[in-house]
file coords_22.tsv (TSV, C-alpha atoms)
chain	number	residue	atom	x	y	z
A	1	MET	CA	223.73	-33.70	202.33
A	2	HIS	CA	223.64	-36.82	204.36
A	3	GLU	CA	225.06	-39.38	201.94
A	4	THR	CA	224.65	-42.42	204.19
A	5	MET	CA	220.90	-41.96	204.52
A	6	VAL	CA	220.63	-41.31	200.79
A	7	ALA	CA	222.63	-44.48	200.07
A	8	HIS	CA	220.29	-46.58	202.22
A	9	SER	CA	217.22	-45.08	200.60
A	10	ILE	CA	218.59	-45.84	197.10
A	11	LEU	CA	219.52	-49.36	198.20
A	12	SER	CA	216.02	-50.16	199.41
A	13	THR	CA	214.35	-48.81	196.24
A	14	VAL	CA	216.77	-50.54	193.86
A	15	SER	CA	216.57	-53.83	195.78
A	16	ALA	CA	212.76	-53.77	195.59
A	17	HIS	CA	212.88	-53.22	191.82
A	18	ALA	CA	215.52	-55.90	191.36
A	19	ALA	CA	213.33	-58.42	193.21
A	20	LYS	CA	210.30	-57.45	191.14
A	21	MET	CA	212.15	-57.86	187.87
A	22	GLY	CA	214.36	-60.78	188.82
A	23	ALA	CA	217.40	-59.01	187.38
A	24	LYS	CA	220.70	-57.80	188.78
A	25	PRO	CA	221.18	-54.03	188.87
A	26	ILE	CA	224.44	-52.71	187.39
A	27	SER	CA	224.18	-48.96	187.85
A	28	ALA	CA	221.82	-46.14	188.76
A	29	LYS	CA	221.58	-42.48	187.82
A	30	ILE	CA	220.95	-39.94	190.59
A	31	SER	CA	220.36	-36.24	190.03
A	32	CYS	CA	220.62	-33.40	192.52
A	33	GLY	CA	220.53	-29.61	192.69
A	34	GLN	CA	223.15	-27.07	193.66
A	35	LEU	CA	222.11	-25.84	197.09
A	36	ASN	CA	222.61	-29.20	198.77
A	37	PRO	CA	224.70	-31.19	196.34
A	38	ILE	CA	225.66	-34.84	196.74
A	39	ASN	CA	229.31	-35.68	197.04
A	40	ASP	CA	229.72	-38.42	194.41
A	41	GLU	CA	232.68	-40.07	196.07
A	42	VAL	CA	231.14	-40.17	199.54
A	43	LEU	CA	227.82	-41.47	198.19
A	44	ASN	CA	229.50	-44.29	196.26
A	45	PHE	CA	231.58	-45.20	199.31
A	46	ALA	CA	228.50	-45.25	201.57
A	47	PHE	CA	226.54	-47.23	198.98
A	48	GLU	CA	229.33	-49.77	198.54
A	49	ALA	CA	229.33	-50.41	202.28
A	50	ALA	CA	225.53	-50.60	202.51
A	51	ALA	CA	225.17	-52.86	199.45
A	52	LYS	CA	227.66	-55.50	200.56
A	53	GLY	CA	226.06	-58.94	200.44
A	54	THR	CA	222.91	-57.68	198.69
A	55	VAL	CA	221.79	-57.90	195.06
A	56	CYS	CA	223.18	-54.37	194.64
A	57	GLU	CA	226.75	-55.30	195.51
A	58	GLY	CA	229.14	-53.93	192.88
A	59	MET	CA	226.63	-51.39	191.53
A	60	LYS	CA	227.90	-47.95	190.53
A	61	LEU	CA	226.01	-44.73	191.13
A	62	GLU	CA	226.31	-41.86	188.67
A	63	VAL	CA	225.43	-38.42	190.05
A	64	VAL	CA	224.23	-35.70	187.69
A	65	HIS	CA	224.48	-32.18	189.10
A	66	ILE	CA	221.70	-29.97	187.72
A	67	PRO	CA	222.62	-26.26	187.48
A	68	LEU	CA	220.58	-23.71	189.40
A	69	LYS	CA	219.14	-21.17	186.96
A	70	ALA	CA	218.97	-17.47	187.75
A	71	THR	CA	217.36	-14.67	185.74
A	72	CYS	CA	218.92	-11.22	185.73
A	73	LYS	CA	216.50	-8.46	186.72
A	74	LYS	CA	218.47	-5.88	184.72
A	75	CYS	CA	219.21	-7.46	181.35
A	76	GLY	CA	216.83	-10.42	181.57
A	77	SER	CA	219.40	-13.03	180.67
A	78	SER	CA	219.21	-16.51	182.17
A	79	PHE	CA	222.41	-17.98	183.58
A	80	ASP	CA	223.77	-20.78	185.79
A	81	PHE	CA	223.97	-19.38	189.30
A	82	ASP	CA	227.28	-19.69	191.09
A	83	ILE	CA	227.20	-18.82	194.78
A	84	TYR	CA	230.89	-17.96	194.75
A	85	SER	CA	230.47	-15.30	192.08
A	86	PRO	CA	226.84	-14.28	192.41
A	87	THR	CA	226.62	-11.87	189.50
A	88	CYS	CA	224.91	-11.96	186.11
A	89	THR	CA	227.32	-13.56	183.63
A	90	ASP	CA	226.14	-11.15	180.88
A	91	CYS	CA	225.95	-7.70	182.50
A	92	GLY	CA	227.53	-8.21	185.94
A	93	SER	CA	224.41	-7.08	187.80
A	94	GLU	CA	223.79	-8.36	191.34
A	95	GLU	CA	220.02	-8.12	190.97
A	96	PHE	CA	218.53	-11.43	189.95
A	97	GLU	CA	215.97	-14.07	190.79
A	98	ILE	CA	216.98	-17.64	191.54
A	99	GLY	CA	214.84	-20.43	190.08
A	100	PRO	CA	213.82	-23.55	192.00
A	101	ASP	CA	216.63	-25.96	192.86
A	102	ALA	CA	216.44	-29.46	191.38
A	103	PRO	CA	215.19	-32.14	193.78
A	104	LEU	CA	217.15	-35.22	194.76
A	105	LEU	CA	215.98	-37.96	192.37
A	106	LEU	CA	216.67	-41.57	191.57
A	107	GLU	CA	216.25	-41.18	187.83
A	108	GLU	CA	217.11	-44.52	186.34
A	109	ILE	CA	218.35	-48.03	187.14
A	110	GLU	CA	220.24	-50.17	184.66
A	111	PHE	CA	219.83	-53.95	184.99
A	112	GLU	CA	221.81	-56.80	183.50
A	113	ASP	CA	220.03	-58.03	180.40
A	114	ASN	CA	219.12	-61.68	180.95
A	115	ARG	CA	217.16	-62.03	177.74
A	116	GLN	CA	218.31	-64.06	174.75
A	117	ASP	CA	216.98	-61.66	172.12
A	118	GLU	CA	219.89	-59.25	171.96
A	119	GLY	CA	219.22	-55.61	171.37
A	120	PHE	CA	215.89	-55.73	173.16
A	121	THR	CA	215.34	-52.66	175.27
A	122	GLU	CA	212.47	-52.04	177.56
A	123	GLN	CA	211.40	-48.83	179.23
A	124	GLU	CA	209.24	-49.33	182.24
A	125	ASN	CA	207.86	-46.22	183.78
A	126	SER	CA	207.11	-46.74	187.42
A	127	GLN	CA	204.03	-45.08	188.83
A	128	GLN	CA	205.70	-44.70	192.21
A	129	GLU	CA	206.47	-41.09	192.87
B	130	MET	CA	218.03	-52.82	180.31
B	131	LYS	CA	217.23	-49.42	181.74
B	132	VAL	CA	214.27	-48.63	183.97
B	133	SER	CA	213.28	-45.01	184.32
B	134	LEU	CA	211.93	-44.06	187.76
B	135	ASN	CA	212.34	-40.35	188.61
B	136	LYS	CA	211.53	-41.15	192.22
B	137	LYS	CA	212.30	-38.72	195.02
B	138	ILE	CA	214.99	-40.37	197.09
B	139	LEU	CA	213.83	-39.08	200.46
B	140	SER	CA	210.12	-39.67	199.71
B	141	LYS	CA	209.50	-41.65	202.93
B	142	ASN	CA	210.56	-38.66	205.01
B	143	GLU	CA	208.44	-36.34	202.86
B	144	GLU	CA	205.30	-38.44	203.31
B	145	CYS	CA	205.77	-38.31	207.06
B	146	ALA	CA	206.50	-34.56	206.98
B	147	LEU	CA	203.22	-34.02	205.14
B	148	LYS	CA	201.32	-35.82	207.93
B	149	ASN	CA	203.04	-33.64	210.56
B	150	ARG	CA	202.21	-30.46	208.64
B	151	THR	CA	198.55	-31.51	208.39
B	152	PHE	CA	198.51	-32.16	212.15
B	153	PHE	CA	199.94	-28.70	212.93
B	154	THR	CA	197.58	-26.93	210.53
B	155	GLU	CA	194.49	-28.73	211.85
B	156	ASN	CA	195.44	-27.90	215.45
B	157	ASN	CA	196.28	-24.30	214.65
B	158	THR	CA	199.81	-24.81	215.98
B	159	LEU	CA	202.75	-22.98	214.40
B	160	CYS	CA	205.73	-25.30	214.04
B	161	LEU	CA	209.18	-23.80	213.45
B	162	ASN	CA	212.31	-25.81	212.62
B	163	VAL	CA	215.34	-24.09	214.18
B	164	ILE	CA	218.65	-24.82	212.44
B	165	SER	CA	222.20	-23.62	213.19
B	166	SER	CA	225.78	-24.59	213.96
B	167	PRO	CA	226.47	-26.02	217.41
B	168	GLY	CA	226.80	-23.25	220.00
B	169	SER	CA	225.00	-20.47	218.11
B	170	GLY	CA	222.55	-19.98	220.97
B	171	LYS	CA	219.43	-21.79	219.76
B	172	THR	CA	218.46	-23.02	223.22
B	173	THR	CA	219.12	-19.61	224.79
B	174	ILE	CA	216.99	-17.86	222.14
B	175	ILE	CA	214.13	-20.33	222.60
B	176	SER	CA	214.31	-20.15	226.43
B	177	ARG	CA	214.26	-16.35	226.41
B	178	THR	CA	211.40	-16.31	223.90
B	179	ILE	CA	209.37	-18.64	226.14
B	180	ARG	CA	210.01	-16.51	229.27
B	181	ASP	CA	209.34	-13.16	227.57
B	182	LEU	CA	206.13	-14.33	225.87
B	183	LYS	CA	204.88	-16.48	228.77
B	184	ASP	CA	201.65	-14.55	229.26
B	185	ARG	CA	200.82	-14.35	225.57
B	186	VAL	CA	202.01	-17.52	223.81
B	187	LYS	CA	201.92	-21.23	224.75
B	188	ILE	CA	205.18	-22.76	223.55
B	189	GLY	CA	206.57	-26.32	223.56
B	190	VAL	CA	209.91	-27.63	222.33
B	191	ILE	CA	211.19	-30.79	220.64
B	192	GLU	CA	214.93	-30.95	221.19
B	193	GLY	CA	217.30	-32.81	218.89
B	194	ASP	CA	220.82	-33.75	219.93
B	195	ILE	CA	223.20	-36.57	219.22
B	196	LYS	CA	223.57	-37.24	222.94
B	197	THR	CA	222.30	-35.89	226.31
B	198	ASP	CA	219.01	-34.30	227.31
B	199	THR	CA	220.56	-31.15	228.79
B	200	ASP	CA	218.77	-28.86	226.32
B	201	ALA	CA	215.35	-30.31	227.16
B	202	GLN	CA	216.13	-29.81	230.86
B	203	LYS	CA	217.07	-26.17	230.25
B	204	ILE	CA	213.77	-25.61	228.43
B	205	ARG	CA	211.77	-27.26	231.24
B	206	GLU	CA	213.30	-24.78	233.69
B	207	THR	CA	211.26	-22.11	231.90
B	208	GLY	CA	208.09	-24.06	232.73
B	209	ALA	CA	207.44	-25.05	229.11
B	210	ALA	CA	206.92	-28.61	227.90
B	211	ALA	CA	210.03	-30.09	226.29
B	212	VAL	CA	210.97	-33.51	224.98
B	213	GLN	CA	214.38	-34.72	223.87
B	214	ILE	CA	215.24	-36.80	220.82
B	215	GLU	CA	218.66	-38.38	221.11
B	216	THR	CA	219.71	-39.20	217.54
B	217	ARG	CA	222.56	-41.48	218.72
B	218	GLY	CA	224.97	-40.31	216.03
B	219	ALA	CA	222.63	-39.03	213.31
B	220	CYS	CA	223.43	-35.44	212.35
B	221	HIS	CA	219.84	-34.28	211.72
B	222	LEU	CA	216.26	-35.00	212.76
B	223	THR	CA	213.76	-36.84	210.56
B	224	ALA	CA	210.02	-36.28	210.20
B	225	GLN	CA	209.31	-39.71	211.73
B	226	GLN	CA	211.19	-38.78	214.91
B	227	VAL	CA	209.12	-35.61	215.23
B	228	THR	CA	205.85	-37.55	214.77
B	229	SER	CA	206.80	-39.87	217.63
B	230	LYS	CA	207.20	-36.96	220.07
B	231	LEU	CA	204.11	-34.85	219.28
B	232	GLY	CA	202.07	-36.51	222.04
B	233	ALA	CA	204.76	-36.06	224.70
B	234	ILE	CA	204.40	-32.26	224.63
B	235	SER	CA	200.67	-32.22	223.77
B	236	ALA	CA	201.64	-30.37	220.59
B	237	GLY	CA	198.05	-29.92	219.45
B	238	GLU	CA	197.25	-27.71	222.45
B	239	LEU	CA	200.16	-25.29	221.89
B	240	ASP	CA	200.44	-22.03	219.94
B	241	VAL	CA	204.03	-22.71	218.89
B	242	VAL	CA	206.24	-25.80	218.68
B	243	PHE	CA	209.93	-25.13	218.22
B	244	ILE	CA	211.92	-28.05	216.86
B	245	GLU	CA	215.53	-27.43	217.82
B	246	ASN	CA	217.45	-29.44	215.25
B	247	VAL	CA	220.87	-31.05	215.75
B	248	GLY	CA	223.60	-28.38	215.55
B	249	ASN	CA	224.70	-28.64	211.92
B	250	LEU	CA	224.39	-26.24	208.97
B	251	VAL	CA	224.45	-28.98	206.30
B	252	CYS	CA	222.23	-32.06	206.70
B	253	PRO	CA	219.16	-30.72	208.57
B	254	SER	CA	218.24	-28.46	205.67
B	255	ASP	CA	217.45	-31.46	203.42
B	256	PHE	CA	214.94	-33.02	205.78
B	257	ASP	CA	211.46	-31.54	205.86
B	258	LEU	CA	210.02	-32.18	209.34
B	259	GLY	CA	206.55	-30.90	208.52
B	260	GLU	CA	207.26	-27.44	209.92
B	261	GLN	CA	205.51	-24.31	208.65
B	262	GLY	CA	208.63	-22.19	208.84
B	263	ARG	CA	212.38	-22.41	209.23
B	264	VAL	CA	214.52	-20.26	211.47
B	265	VAL	CA	218.29	-20.19	210.95
B	266	VAL	CA	220.46	-18.86	213.76
B	267	LEU	CA	223.91	-17.49	212.96
B	268	SER	CA	225.99	-16.16	215.82
B	269	VAL	CA	228.54	-13.39	215.37
B	270	PRO	CA	231.63	-15.38	216.53
B	271	GLU	CA	231.01	-18.02	213.83
B	272	GLY	CA	232.03	-15.54	211.15
B	273	ASP	CA	230.37	-13.75	208.24
B	274	ASP	CA	231.08	-16.40	205.58
B	275	LYS	CA	228.35	-18.86	206.61
B	276	PRO	CA	225.59	-17.94	204.08
B	277	ALA	CA	228.10	-18.34	201.24
B	278	LYS	CA	229.47	-21.60	202.62
B	279	TYR	CA	226.12	-23.21	203.47
B	280	PRO	CA	223.80	-21.82	200.79
B	281	GLY	CA	221.16	-24.55	201.05
B	282	THR	CA	220.37	-23.83	204.67
B	283	PHE	CA	220.03	-20.06	204.16
B	284	ALA	CA	218.12	-20.38	200.87
B	285	LYS	CA	215.39	-22.51	202.47
B	286	ALA	CA	214.90	-20.40	205.64
B	287	ASP	CA	212.11	-17.94	206.45
B	288	VAL	CA	213.93	-16.14	209.25
B	289	LEU	CA	217.60	-15.46	210.00
B	290	LEU	CA	218.41	-14.55	213.58
B	291	ILE	CA	221.90	-13.05	213.82
B	292	ASN	CA	222.64	-13.75	217.47
B	293	LYS	CA	225.28	-12.55	219.97
B	294	ILE	CA	225.40	-9.03	218.51
B	295	ASP	CA	226.69	-7.93	221.94
B	296	LEU	CA	230.03	-9.44	220.77
B	297	LEU	CA	230.30	-7.33	217.59
B	298	ASP	CA	233.01	-5.12	219.11
B	299	TYR	CA	235.21	-8.09	219.96
B	300	VAL	CA	235.25	-10.22	216.80
B	301	GLU	CA	235.58	-9.56	213.08
B	302	PHE	CA	232.14	-9.80	211.54
B	303	ASP	CA	230.94	-7.95	208.47
B	304	MET	CA	227.18	-7.56	209.06
B	305	ASP	CA	226.55	-6.08	205.60
B	306	LYS	CA	228.23	-9.05	203.93
B	307	VAL	CA	225.99	-11.53	205.79
B	308	ILE	CA	222.83	-9.59	204.99
B	309	ASN	CA	223.89	-9.16	201.36
B	310	ASP	CA	224.92	-12.81	200.82
B	311	ALA	CA	221.84	-14.21	202.54
B	312	GLY	CA	219.56	-11.76	200.72
B	313	LYS	CA	220.91	-12.82	197.33
B	314	LEU	CA	220.14	-16.46	198.06
B	315	ASN	CA	216.78	-15.69	199.57
B	316	PRO	CA	215.21	-12.26	198.92
B	317	ASP	CA	212.20	-13.04	201.17
B	318	LEU	CA	214.35	-13.87	204.22
B	319	LYS	CA	213.40	-11.88	207.35
B	320	ILE	CA	216.57	-10.91	209.19
B	321	PHE	CA	216.69	-9.90	212.87
B	322	ARG	CA	219.83	-8.86	214.75
B	323	VAL	CA	219.53	-10.03	218.33
B	324	SER	CA	221.31	-10.82	221.53
B	325	ALA	CA	219.47	-13.50	223.47
B	326	LYS	CA	221.76	-12.69	226.40
B	327	THR	CA	221.05	-8.96	226.71
B	328	GLY	CA	217.65	-8.99	225.00
B	329	THR	CA	218.63	-6.45	222.34
B	330	GLY	CA	216.53	-6.81	219.19
B	331	MET	CA	214.41	-9.64	220.59
B	332	ASN	CA	211.19	-7.60	220.43
B	333	ASP	CA	211.35	-7.46	216.61
B	334	TRP	CA	211.63	-11.25	216.51
B	335	TYR	CA	208.68	-11.56	218.92
B	336	ASP	CA	206.59	-9.25	216.73
B	337	TRP	CA	207.29	-11.47	213.72
B	338	LEU	CA	206.49	-14.62	215.73
B	339	VAL	CA	203.22	-13.30	217.16
B	340	GLY	CA	202.25	-11.97	213.72
B	341	ARG	CA	202.87	-15.38	212.23
B	342	ILE	CA	200.75	-17.11	214.90
B	343	ASN	CA	197.84	-14.80	214.17
B	344	SER	CA	198.11	-15.06	210.39
call {"tool": "encode", "arguments": {"input": "coords_22.tsv", "output": "structure tokens"}}
result
Amino acid sequence: MHETMVAHSILSTVSAHAAKMGAKPISAKISCGQLNPINDEVLNFAFEAAAKGTVCEGMKLEVVHIPLKATCKKCGSSFDFDIYSPTCTDCGSEEFEIGPDAPLLLEEIEFEDNRQDEGFTEQENSQQE
Amino acid sequence: MKVSLNKKILSKNEECALKNRTFFTENNTLCLNVISSPGSGKTTIISRTIRDLKDRVKIGVIEGDIKTDTDAQKIRETGAAAVQIETRGACHLTAQQVTSKLGAISAGELDVVFIENVGNLVCPSDFDLGEQGRVVVLSVPEGDDKPAKYPGTFAKADVLLINKIDLLDYVEFDMDKVINDAGKLNPDLKIFRVSAKTGTGMNDWYDWLVGRINS
């Protein structure tokens, strides 16, 4: 995975949302699959460099790695696929079907709460897909 | 305050890839994204394919490299149209770069456009270029551990060309392991064992290619 390009893409989306909301972003949650995983450390390093001097400076990125599900063709059990030991975790069979890998998503951004009324939480679901 | 987005991070590239795919479909052009390590023989495979199918198939090539246009020059020696993208440091091509070069090879008038990606088994696999199929090249001297080490690239491919099989007697390479590992990741993967140098096995690859053009 090319972390630098991913970092720039996150930066531009988060910056646009920050400007729209007039709030400073603190952190963001990213999720990715198993076949082309993100390296958390490299992504945070690339993001730190890219975000310098912007509203996103100091933000932390959390990366959630979504397991790749496989279904055994012999015993039917569903298990987390591991490329380094590609066998069914229940019966040891090598015959299985791999499910779709999770896409690379920017799931959530957390902003500093500027409001006076403490405890107020707002969920805004963006229509942008 | 948390804002939930669930936005695809590389969505700009995907939008552009969709436009490219529509262009290829409307023009009845088969576009194949060719991915491999540096030095696996991508350019040699493409050049030989162009020469051997010259009378049957009109082929053009978009070449991707960090620096130099030597690959595009090699392709032009076959008589086919070729254009070079110099990525100036980037380790993969993007859909936007491909869009910008479609006119230079008159892509709409061709039967096949090969996009020869930057030599790299990691990053190119995450960037949809708008192709209709992916070809991964793995050459024998690279070793038999590549499908296990770079699962994303092999899982997303349509064809695996195992190249330089003329060197099998000289290097350690467990063919069954490669076929088994790649097949586990991708049961629909078509695998051809070839030598672009001697021509061995190339006819099976041509049959697949011509079949795909006509389908």
call {"tool": "residues_around", "arguments": {"input": "coords_22.tsv", "residues": "region 254-257 of chain B", "least_positions_apart": "2", "cutoff": "6 Å", "atoms": "all atoms listed in the file", "output": "PyMOL selection string"}}
result
chain B and resi 146+252+259+282
call {"tool": "residues_around", "arguments": {"input": "coords_22.tsv", "residues": "Val163 (chain B)", "least_positions_apart": "5", "cutoff": "7 Å", "atoms": "all atoms listed in the file", "output": "PDB file with C-alpha atoms, in the frame of the given file"}}
result
ATOM      1  CA  PHE B 243     209.930 -25.130 218.220  1.00  0.00           C
ATOM      2  CA  ILE B 244     211.920 -28.050 216.860  1.00  0.00           C
ATOM      3  CA  GLU B 245     215.530 -27.430 217.820  1.00  0.00           C
ATOM      4  CA  ASN B 246     217.450 -29.440 215.250  1.00  0.00           C
ATOM      5  CA  ARG B 263     212.380 -22.410 209.230  1.00  0.00           C
ATOM      6  CA  VAL B 264     214.520 -20.260 211.470  1.00  0.00           C
ATOM      7  CA  VAL B 265     218.290 -20.190 210.950  1.00  0.00           C
TER       8      VAL B 265
END
call {"tool": "axis_aligned_box", "arguments": {"input": "coords_22.tsv", "around": "region 168-171 of chain B", "padding_each_side": "8 Å", "output": "AutoDock Vina command-line options"}}
result
--center_x 223.1 --center_y -21.6 --center_z 219.5 --size_x 23.4 --size_y 19.3 --size_z 18.9
call {"tool": "closest_residue", "arguments": {"input": "coords_22.tsv", "among": "A:Val64, A:Ala50, A:Ile98, A:Ala19", "to": "Phe79 (chain A)", "atoms": "all atoms listed in the file"}}
result
A:Ile98
call {"tool": "atom_distance", "arguments": {"input": "coords_22.tsv", "atom1": "CA of Val288 (chain B)", "atom2": "CA of Val241 (chain B)"}}
result
15.3 Å
call {"tool": "build_atoms", "arguments": {"input": "coords_22.tsv", "residues": "region 69-92 of chain A", "atoms": "N, CA, C and O atoms", "output": "PDB file, in the coordinates of the input"}}
result
ATOM      1  N   LYS A  69     219.314 -22.276 187.916  1.00  0.00           N
ATOM      2  CA  LYS A  69     219.140 -21.170 186.960  1.00  0.00           C
ATOM      3  C   LYS A  69     218.768 -19.874 187.678  1.00  0.00           C
ATOM      4  O   LYS A  69     217.961 -19.879 188.610  1.00  0.00           O
ATOM      5  N   ALA A  70     219.352 -18.788 187.232  1.00  0.00           N
ATOM      6  CA  ALA A  70     218.970 -17.470 187.750  1.00  0.00           C
ATOM      7  C   ALA A  70     218.629 -16.577 186.567  1.00  0.00           C
ATOM      8  O   ALA A  70     219.158 -16.763 185.465  1.00  0.00           O
ATOM      9  N   THR A  71     217.733 -15.621 186.792  1.00  0.00           N
ATOM     10  CA  THR A  71     217.360 -14.670 185.740  1.00  0.00           C
ATOM     11  C   THR A  71     217.729 -13.271 186.204  1.00  0.00           C
ATOM     12  O   THR A  71     217.338 -12.848 187.301  1.00  0.00           O
ATOM     13  N   CYS A  72     218.479 -12.570 185.379  1.00  0.00           N
ATOM     14  CA  CYS A  72     218.920 -11.220 185.730  1.00  0.00           C
ATOM     15  C   CYS A  72     217.747 -10.250 185.662  1.00  0.00           C
ATOM     16  O   CYS A  72     216.986 -10.251 184.694  1.00  0.00           O
ATOM     17  N   LYS A  73     217.612  -9.418 186.691  1.00  0.00           N
ATOM     18  CA  LYS A  73     216.500  -8.460 186.720  1.00  0.00           C
ATOM     19  C   LYS A  73     216.804  -7.249 185.844  1.00  0.00           C
ATOM     20  O   LYS A  73     215.905  -6.513 185.468  1.00  0.00           O
ATOM     21  N   LYS A  74     218.092  -7.038 185.529  1.00  0.00           N
ATOM     22  CA  LYS A  74     218.470  -5.880 184.720  1.00  0.00           C
ATOM     23  C   LYS A  74     218.408  -6.172 183.231  1.00  0.00           C
ATOM     24  O   LYS A  74     217.737  -5.477 182.485  1.00  0.00           O
ATOM     25  N   CYS A  75     219.146  -7.211 182.805  1.00  0.00           N
ATOM     26  CA  CYS A  75     219.210  -7.460 181.350  1.00  0.00           C
ATOM     27  C   CYS A  75     218.347  -8.639 180.924  1.00  0.00           C
ATOM     28  O   CYS A  75     218.195  -8.898 179.734  1.00  0.00           O
ATOM     29  N   GLY A  76     217.769  -9.349 181.905  1.00  0.00           N
ATOM     30  CA  GLY A  76     216.830 -10.420 181.570  1.00  0.00           C
ATOM     31  C   GLY A  76     217.469 -11.729 181.135  1.00  0.00           C
ATOM     32  O   GLY A  76     216.766 -12.684 180.833  1.00  0.00           O
ATOM     33  N   SER A  77     218.789 -11.792 181.142  1.00  0.00           N
ATOM     34  CA  SER A  77     219.400 -13.030 180.670  1.00  0.00           C
ATOM     35  C   SER A  77     219.326 -14.117 181.732  1.00  0.00           C
ATOM     36  O   SER A  77     219.296 -13.847 182.931  1.00  0.00           O
ATOM     37  N   SER A  78     219.289 -15.367 181.276  1.00  0.00           N
ATOM     38  CA  SER A  78     219.210 -16.510 182.170  1.00  0.00           C
ATOM     39  C   SER A  78     220.597 -17.150 182.240  1.00  0.00           C
ATOM     40  O   SER A  78     221.239 -17.347 181.221  1.00  0.00           O
ATOM     41  N   PHE A  79     221.068 -17.431 183.445  1.00  0.00           N
ATOM     42  CA  PHE A  79     222.410 -17.980 183.580  1.00  0.00           C
ATOM     43  C   PHE A  79     222.499 -18.987 184.723  1.00  0.00           C
ATOM     44  O   PHE A  79     221.606 -19.046 185.570  1.00  0.00           O
ATOM     45  N   ASP A  80     223.555 -19.812 184.707  1.00  0.00           N
ATOM     46  CA  ASP A  80     223.770 -20.780 185.790  1.00  0.00           C
ATOM     47  C   ASP A  80     224.327 -20.047 187.000  1.00  0.00           C
ATOM     48  O   ASP A  80     225.390 -19.435 186.930  1.00  0.00           O
ATOM     49  N   PHE A  81     223.601 -20.121 188.106  1.00  0.00           N
ATOM     50  CA  PHE A  81     223.970 -19.380 189.300  1.00  0.00           C
ATOM     51  C   PHE A  81     225.158 -20.028 190.004  1.00  0.00           C
ATOM     52  O   PHE A  81     225.195 -21.245 190.209  1.00  0.00           O
ATOM     53  N   ASP A  82     226.122 -19.214 190.349  1.00  0.00           N
ATOM     54  CA  ASP A  82     227.280 -19.690 191.090  1.00  0.00           C
ATOM     55  C   ASP A  82     227.396 -18.862 192.374  1.00  0.00           C
ATOM     56  O   ASP A  82     227.639 -17.669 192.330  1.00  0.00           O
ATOM     57  N   ILE A  83     227.213 -19.521 193.496  1.00  0.00           N
ATOM     58  CA  ILE A  83     227.200 -18.820 194.780  1.00  0.00           C
ATOM     59  C   ILE A  83     228.515 -18.084 195.040  1.00  0.00           C
ATOM     60  O   ILE A  83     228.555 -17.060 195.704  1.00  0.00           O
ATOM     61  N   TYR A  84     229.600 -18.577 194.476  1.00  0.00           N
ATOM     62  CA  TYR A  84     230.890 -17.960 194.750  1.00  0.00           C
ATOM     63  C   TYR A  84     231.185 -16.750 193.858  1.00  0.00           C
ATOM     64  O   TYR A  84     232.121 -16.008 194.114  1.00  0.00           O
ATOM     65  N   SER A  85     230.413 -16.570 192.803  1.00  0.00           N
ATOM     66  CA  SER A  85     230.470 -15.300 192.080  1.00  0.00           C
ATOM     67  C   SER A  85     229.049 -14.939 191.659  1.00  0.00           C
ATOM     68  O   SER A  85     228.654 -15.099 190.516  1.00  0.00           O
ATOM     69  N   PRO A  86     228.266 -14.474 192.647  1.00  0.00           N
ATOM     70  CA  PRO A  86     226.840 -14.280 192.410  1.00  0.00           C
ATOM     71  C   PRO A  86     226.521 -13.002 191.623  1.00  0.00           C
ATOM     72  O   PRO A  86     225.930 -12.062 192.145  1.00  0.00           O
ATOM     73  N   THR A  87     226.932 -12.996 190.375  1.00  0.00           N
ATOM     74  CA  THR A  87     226.620 -11.870 189.500  1.00  0.00           C
ATOM     75  C   THR A  87     226.149 -12.402 188.156  1.00  0.00           C
ATOM     76  O   THR A  87     226.479 -13.521 187.775  1.00  0.00           O
ATOM     77  N   CYS A  88     225.387 -11.568 187.436  1.00  0.00           N
ATOM     78  CA  CYS A  88     224.910 -11.960 186.110  1.00  0.00           C
ATOM     79  C   CYS A  88     226.123 -12.142 185.192  1.00  0.00           C
ATOM     80  O   CYS A  88     227.006 -11.284 185.138  1.00  0.00           O
ATOM     81  N   THR A  89     226.164 -13.275 184.484  1.00  0.00           N
ATOM     82  CA  THR A  89     227.320 -13.560 183.630  1.00  0.00           C
ATOM     83  C   THR A  89     227.340 -12.664 182.386  1.00  0.00           C
ATOM     84  O   THR A  89     228.370 -12.539 181.736  1.00  0.00           O
ATOM     85  N   ASP A  90     226.194 -12.034 182.064  1.00  0.00           N
ATOM     86  CA  ASP A  90     226.140 -11.150 180.880  1.00  0.00           C
ATOM     87  C   ASP A  90     226.469  -9.708 181.214  1.00  0.00           C
ATOM     88  O   ASP A  90     227.332  -9.092 180.599  1.00  0.00           O
ATOM     89  N   CYS A  91     225.776  -9.132 182.247  1.00  0.00           N
ATOM     90  CA  CYS A  91     225.950  -7.700 182.500  1.00  0.00           C
ATOM     91  C   CYS A  91     226.613  -7.402 183.855  1.00  0.00           C
ATOM     92  O   CYS A  91     226.893  -6.252 184.170  1.00  0.00           O
ATOM     93  N   GLY A  92     226.846  -8.418 184.667  1.00  0.00           N
ATOM     94  CA  GLY A  92     227.530  -8.210 185.940  1.00  0.00           C
ATOM     95  C   GLY A  92     226.634  -7.715 187.061  1.00  0.00           C
ATOM     96  O   GLY A  92     227.100  -7.471 188.171  1.00  0.00           O
TER      97      GLY A  92
END
